[in-house]
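Below is one structure, written out as C-alpha cells, with a few remarks after it.
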Amino acid sequence: MGFKVRGYTREVPQEKVRDYSLFAIATEGTEREPDYFRLFDGIDRIKVDIIEPETSDDEDASEKRKASSPSKVLEKVKAYITENQLSADDGDSLWCVIDVDRWPQEQIEELHAFCAQKDNWHLVISNPCIEIWLLYHTRADLSDLGIQTAKDAKQALDRIEKGGYYYIKYLPLMLDAIENAQQADSNPDGYMPKLLQTKVYQLGRALYERMGKVRFEKFVASLPSIEKEILKQ
C-alpha cells in the first residue's frame, strides 16, 4: 500500500516531506476521546484530525447533549468529508467514536449505514459509553463492577483511579486495552457491542499497526515530556 506525501510545496525541501496516514476521528465526547487520541497526532507516519461536536459554555446540558448525538456526529463528518479527501489507497481512514448510552437506535443505524459505504470509514461504539474502553486498560473482566448505565461506568472508573482518570497514565496501557476489549467482544464481526463491550479497540489497533512496535515504544517514552509541556499551558 502506498501512502500519500502530504504538505509538499515548492518551498518545502523534499527531505523534510514525510509520508503519513490521516486518521480523522469524529467524537461524541468533547474531553476524554479527544484528549486520548489527539496525542497520536504528529507521530511519524500518522496525522490525527479530531472532529468534535460544537458546543458553547452558555448551553445547558440538554443542548450540549443534542450537539453530540449520532445525527450531529454524522453532520460534522459529512462536512469534513466535503472539505477533505480520504483515500483508502493512501492509508487514510475515518473513525466515528460514539456511545450507546440513551441514543435512539435509528440514529445509530443511520451513522452505521453511512460508514458502511467505504472500507476506510469505521463506526466504533462503546456500550454504554467510552469509559468501557478506558476500564479495559487496567482490567480484563468488567463483570464485577455492577455497570448497567453510563453513570455506573463513570463511577466505576473514578473508583478504580484515585484522583480520577488521566489519559497520560492510560496511553501506555493501550495494548492491554486492545487485547482485553478484543477478548471480551462476543461479536467481532458486528458493529453493535453488547453491554460492557466496546469496538474502540479496532481504532487502537489500527493506530498501533500504523506506528509499529518501535514507534509506539518511543511514543510511550515521550509521554513524560509531553505531560510537562501540557502542564505549562
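Here's how to read the names in the C-alpha cells: chain A, B, ... by the order shown, residue numbers from 1 in each chain, ligand numbers from 1 in the order shown.
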Residues of stretch 15-188 of chain A in alpha helix (DSSP H) according to DSSP, as a PyMOL selection string? chain A and resi 32-38+61-67+70-83+105-115+131-135+150-160+167-170+174-184
For C-alpha atoms, I'd like the residues from the last selection saved as a PDB file, in the first residue's frame.
```
ATOM      1  CA  ARG A  32     -11.958  12.039  27.087  1.00  0.00           C
ATOM      2  CA  GLU A  33     -11.915  10.821  23.487  1.00  0.00           C
ATOM      3  CA  PRO A  34     -10.206  13.933  22.022  1.00  0.00           C
ATOM      4  CA  ASP A  35      -7.639  14.078  24.839  1.00  0.00           C
ATOM      5  CA  TYR A  36      -6.781  10.399  24.404  1.00  0.00           C
ATOM      6  CA  PHE A  37      -6.453  10.260  20.620  1.00  0.00           C
ATOM      7  CA  ARG A  38      -5.120  13.756  19.925  1.00  0.00           C
ATOM      8  CA  ALA A  61     -26.824  20.192  29.498  1.00  0.00           C
ATOM      9  CA  SER A  62     -29.693  19.230  27.221  1.00  0.00           C
ATOM     10  CA  GLU A  63     -28.414  21.389  24.331  1.00  0.00           C
ATOM     11  CA  LYS A  64     -24.874  20.077  24.751  1.00  0.00           C
ATOM     12  CA  ARG A  65     -26.214  16.546  24.661  1.00  0.00           C
ATOM     13  CA  LYS A  66     -28.094  17.190  21.415  1.00  0.00           C
ATOM     14  CA  ALA A  67     -24.899  18.591  19.872  1.00  0.00           C
ATOM     15  CA  PRO A  70     -25.033  10.421  16.431  1.00  0.00           C
ATOM     16  CA  SER A  71     -27.007  12.547  13.962  1.00  0.00           C
ATOM     17  CA  LYS A  72     -24.861  15.586  14.832  1.00  0.00           C
ATOM     18  CA  VAL A  73     -21.706  13.485  14.552  1.00  0.00           C
ATOM     19  CA  LEU A  74     -22.889  12.489  11.078  1.00  0.00           C
ATOM     20  CA  GLU A  75     -23.466  16.128  10.116  1.00  0.00           C
ATOM     21  CA  LYS A  76     -19.944  17.052  11.191  1.00  0.00           C
ATOM     22  CA  VAL A  77     -18.464  14.051   9.366  1.00  0.00           C
ATOM     23  CA  LYS A  78     -20.229  14.906   6.111  1.00  0.00           C
ATOM     24  CA  ALA A  79     -18.967  18.482   6.305  1.00  0.00           C
ATOM     25  CA  TYR A  80     -15.439  17.248   6.985  1.00  0.00           C
ATOM     26  CA  ILE A  81     -15.506  14.829   4.049  1.00  0.00           C
ATOM     27  CA  THR A  82     -16.722  17.608   1.757  1.00  0.00           C
ATOM     28  CA  GLU A  83     -13.630  19.632   2.643  1.00  0.00           C
ATOM     29  CA  GLN A 105     -31.385   3.226  17.662  1.00  0.00           C
ATOM     30  CA  GLU A 106     -32.347   4.805  14.337  1.00  0.00           C
ATOM     31  CA  GLN A 107     -29.676   7.497  14.729  1.00  0.00           C
ATOM     32  CA  ILE A 108     -27.013   4.876  15.395  1.00  0.00           C
ATOM     33  CA  GLU A 109     -28.189   2.810  12.424  1.00  0.00           C
ATOM     34  CA  GLU A 110     -28.074   5.868  10.170  1.00  0.00           C
ATOM     35  CA  LEU A 111     -24.474   6.547  11.160  1.00  0.00           C
ATOM     36  CA  HIS A 112     -23.577   2.880  10.676  1.00  0.00           C
ATOM     37  CA  ALA A 113     -25.154   2.838   7.189  1.00  0.00           C
ATOM     38  CA  PHE A 114     -23.126   5.909   6.252  1.00  0.00           C
ATOM     39  CA  CYS A 115     -19.819   4.451   7.467  1.00  0.00           C
ATOM     40  CA  GLU A 131     -15.433   4.540  29.886  1.00  0.00           C
ATOM     41  CA  ILE A 132     -15.763   0.846  28.999  1.00  0.00           C
ATOM     42  CA  TRP A 133     -12.774   1.221  26.654  1.00  0.00           C
ATOM     43  CA  LEU A 134     -10.852   3.033  29.375  1.00  0.00           C
ATOM     44  CA  LEU A 135     -11.664   0.405  32.000  1.00  0.00           C
ATOM     45  CA  ALA A 150     -23.091   5.274  31.570  1.00  0.00           C
ATOM     46  CA  LYS A 151     -23.257   6.784  35.050  1.00  0.00           C
ATOM     47  CA  ASP A 152     -22.283   3.414  36.530  1.00  0.00           C
ATOM     48  CA  ALA A 153     -19.286   3.158  34.179  1.00  0.00           C
ATOM     49  CA  LYS A 154     -18.075   6.664  35.009  1.00  0.00           C
ATOM     50  CA  GLN A 155     -18.375   5.971  38.732  1.00  0.00           C
ATOM     51  CA  ALA A 156     -16.509   2.668  38.350  1.00  0.00           C
ATOM     52  CA  LEU A 157     -13.635   4.413  36.568  1.00  0.00           C
ATOM     53  CA  ASP A 158     -13.477   7.062  39.286  1.00  0.00           C
ATOM     54  CA  ARG A 159     -13.411   4.369  41.992  1.00  0.00           C
ATOM     55  CA  ILE A 160     -10.563   2.491  40.333  1.00  0.00           C
ATOM     56  CA  TYR A 167      -5.213   9.963  29.821  1.00  0.00           C
ATOM     57  CA  ILE A 168      -1.410  10.332  30.042  1.00  0.00           C
ATOM     58  CA  LYS A 169      -1.383   7.441  32.519  1.00  0.00           C
ATOM     59  CA  TYR A 170      -3.613   5.271  30.343  1.00  0.00           C
ATOM     60  CA  MET A 174      -3.274   0.781  25.155  1.00  0.00           C
ATOM     61  CA  LEU A 175      -2.010  -2.643  24.054  1.00  0.00           C
ATOM     62  CA  ASP A 176      -3.516  -4.193  27.190  1.00  0.00           C
ATOM     63  CA  ALA A 177      -6.800  -2.431  26.432  1.00  0.00           C
ATOM     64  CA  ILE A 178      -6.790  -3.711  22.845  1.00  0.00           C
ATOM     65  CA  GLU A 179      -6.236  -7.293  23.976  1.00  0.00           C
ATOM     66  CA  ASN A 180      -8.771  -7.122  26.820  1.00  0.00           C
ATOM     67  CA  ALA A 181     -11.501  -5.450  24.773  1.00  0.00           C
ATOM     68  CA  GLN A 182     -10.974  -7.755  21.802  1.00  0.00           C
ATOM     69  CA  GLN A 183     -11.179 -10.830  24.016  1.00  0.00           C
ATOM     70  CA  ALA A 184     -14.398  -9.501  25.568  1.00  0.00           C
TER      71      ALA A 184
END
```
Two-atom distance - atom CA of A:Arg215, atom CA of A:Glu52 (Å): 26.5 Å
Write out as an NGL selection string the residues lying within 10 Å of A:Leu223, counting only C-alpha atoms and excluding same-chain residues fewer than 5 positions away. :A and (39 or 168-169 or 171-172 or 218 or 228-229)
How about saving the chosen residues, all heavy atoms kept, as a PDB file, in the first residue's frame?
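Once everything was written out, this is part-v2.pdb:
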```pdb
ATOM      1  N   LEU A  39      -3.126  12.981  21.104  1.00  0.00           N
ATOM      2  CA  LEU A  39      -1.686  12.896  21.315  1.00  0.00           C
ATOM      3  C   LEU A  39      -0.974  12.037  20.266  1.00  0.00           C
ATOM      4  O   LEU A  39       0.247  12.093  20.155  1.00  0.00           O
ATOM      5  CB  LEU A  39      -1.374  12.368  22.716  1.00  0.00           C
ATOM      6  CG  LEU A  39      -1.628  13.328  23.877  1.00  0.00           C
ATOM      7  CD1 LEU A  39      -1.017  12.793  25.157  1.00  0.00           C
ATOM      8  CD2 LEU A  39      -1.067  14.712  23.585  1.00  0.00           C
ATOM      9  N   ILE A 168      -2.853  10.554  30.180  1.00  0.00           N
ATOM     10  CA  ILE A 168      -1.410  10.332  30.042  1.00  0.00           C
ATOM     11  C   ILE A 168      -1.013   9.010  30.707  1.00  0.00           C
ATOM     12  O   ILE A 168      -0.139   8.285  30.229  1.00  0.00           O
ATOM     13  CB  ILE A 168      -0.611  11.493  30.674  1.00  0.00           C
ATOM     14  CG1 ILE A 168      -0.861  12.794  29.908  1.00  0.00           C
ATOM     15  CG2 ILE A 168       0.878  11.167  30.698  1.00  0.00           C
ATOM     16  CD1 ILE A 168      -0.202  12.878  28.559  1.00  0.00           C
ATOM     17  N   LYS A 169      -1.676   8.685  31.794  1.00  0.00           N
ATOM     18  CA  LYS A 169      -1.383   7.441  32.519  1.00  0.00           C
ATOM     19  C   LYS A 169      -1.901   6.223  31.762  1.00  0.00           C
ATOM     20  O   LYS A 169      -1.327   5.124  31.852  1.00  0.00           O
ATOM     21  CB  LYS A 169      -2.013   7.515  33.915  1.00  0.00           C
ATOM     22  CG  LYS A 169      -1.793   6.277  34.778  1.00  0.00           C
ATOM     23  CD  LYS A 169      -2.431   6.449  36.138  1.00  0.00           C
ATOM     24  CE  LYS A 169      -2.276   5.190  36.986  1.00  0.00           C
ATOM     25  NZ  LYS A 169      -2.915   5.331  38.314  1.00  0.00           N
ATOM     26  N   LEU A 171      -2.476   5.899  28.286  1.00  0.00           N
ATOM     27  CA  LEU A 171      -1.960   5.658  26.933  1.00  0.00           C
ATOM     28  C   LEU A 171      -0.905   4.548  26.870  1.00  0.00           C
ATOM     29  O   LEU A 171      -0.924   3.745  25.933  1.00  0.00           O
ATOM     30  CB  LEU A 171      -1.414   6.963  26.350  1.00  0.00           C
ATOM     31  CG  LEU A 171      -2.489   7.923  25.826  1.00  0.00           C
ATOM     32  CD1 LEU A 171      -1.900   9.311  25.610  1.00  0.00           C
ATOM     33  CD2 LEU A 171      -3.116   7.412  24.544  1.00  0.00           C
ATOM     34  N   PRO A 172       0.017   4.444  27.832  1.00  0.00           N
ATOM     35  CA  PRO A 172       0.983   3.346  27.766  1.00  0.00           C
ATOM     36  C   PRO A 172       0.348   1.963  27.885  1.00  0.00           C
ATOM     37  O   PRO A 172       0.986   0.958  27.552  1.00  0.00           O
ATOM     38  CB  PRO A 172       1.913   3.620  28.965  1.00  0.00           C
ATOM     39  CG  PRO A 172       1.778   5.079  29.230  1.00  0.00           C
ATOM     40  CD  PRO A 172       0.344   5.383  28.926  1.00  0.00           C
ATOM     41  N   LYS A 218       8.564   4.453  21.474  1.00  0.00           N
ATOM     42  CA  LYS A 218       9.130   5.807  21.544  1.00  0.00           C
ATOM     43  C   LYS A 218       8.070   6.808  21.986  1.00  0.00           C
ATOM     44  O   LYS A 218       8.346   7.740  22.758  1.00  0.00           O
ATOM     45  CB  LYS A 218       9.700   6.207  20.189  1.00  0.00           C
ATOM     46  CG  LYS A 218      10.995   5.493  19.822  1.00  0.00           C
ATOM     47  CD  LYS A 218      11.524   5.974  18.483  1.00  0.00           C
ATOM     48  CE  LYS A 218      12.840   5.298  18.129  1.00  0.00           C
ATOM     49  NZ  LYS A 218      13.349   5.730  16.793  1.00  0.00           N
ATOM     50  N   LYS A 228       4.826  17.405  30.697  1.00  0.00           N
ATOM     51  CA  LYS A 228       5.404  18.656  31.200  1.00  0.00           C
ATOM     52  C   LYS A 228       4.969  19.845  30.357  1.00  0.00           C
ATOM     53  O   LYS A 228       4.667  20.922  30.871  1.00  0.00           O
ATOM     54  CB  LYS A 228       6.927  18.544  31.229  1.00  0.00           C
ATOM     55  CG  LYS A 228       7.468  17.608  32.302  1.00  0.00           C
ATOM     56  CD  LYS A 228       8.984  17.561  32.259  1.00  0.00           C
ATOM     57  CE  LYS A 228       9.523  16.603  33.321  1.00  0.00           C
ATOM     58  NZ  LYS A 228      11.009  16.505  33.280  1.00  0.00           N
ATOM     59  N   GLU A 229       4.939  19.642  29.034  1.00  0.00           N
ATOM     60  CA  GLU A 229       4.521  20.724  28.148  1.00  0.00           C
ATOM     61  C   GLU A 229       3.045  21.053  28.357  1.00  0.00           C
ATOM     62  O   GLU A 229       2.658  22.213  28.324  1.00  0.00           O
ATOM     63  CB  GLU A 229       4.754  20.316  26.684  1.00  0.00           C
ATOM     64  CG  GLU A 229       6.225  20.227  26.298  1.00  0.00           C
ATOM     65  CD  GLU A 229       6.955  21.538  26.509  1.00  0.00           C
ATOM     66  OE1 GLU A 229       6.401  22.600  26.140  1.00  0.00           O
ATOM     67  OE2 GLU A 229       8.076  21.521  27.066  1.00  0.00           O
TER      68      GLU A 229
END
```
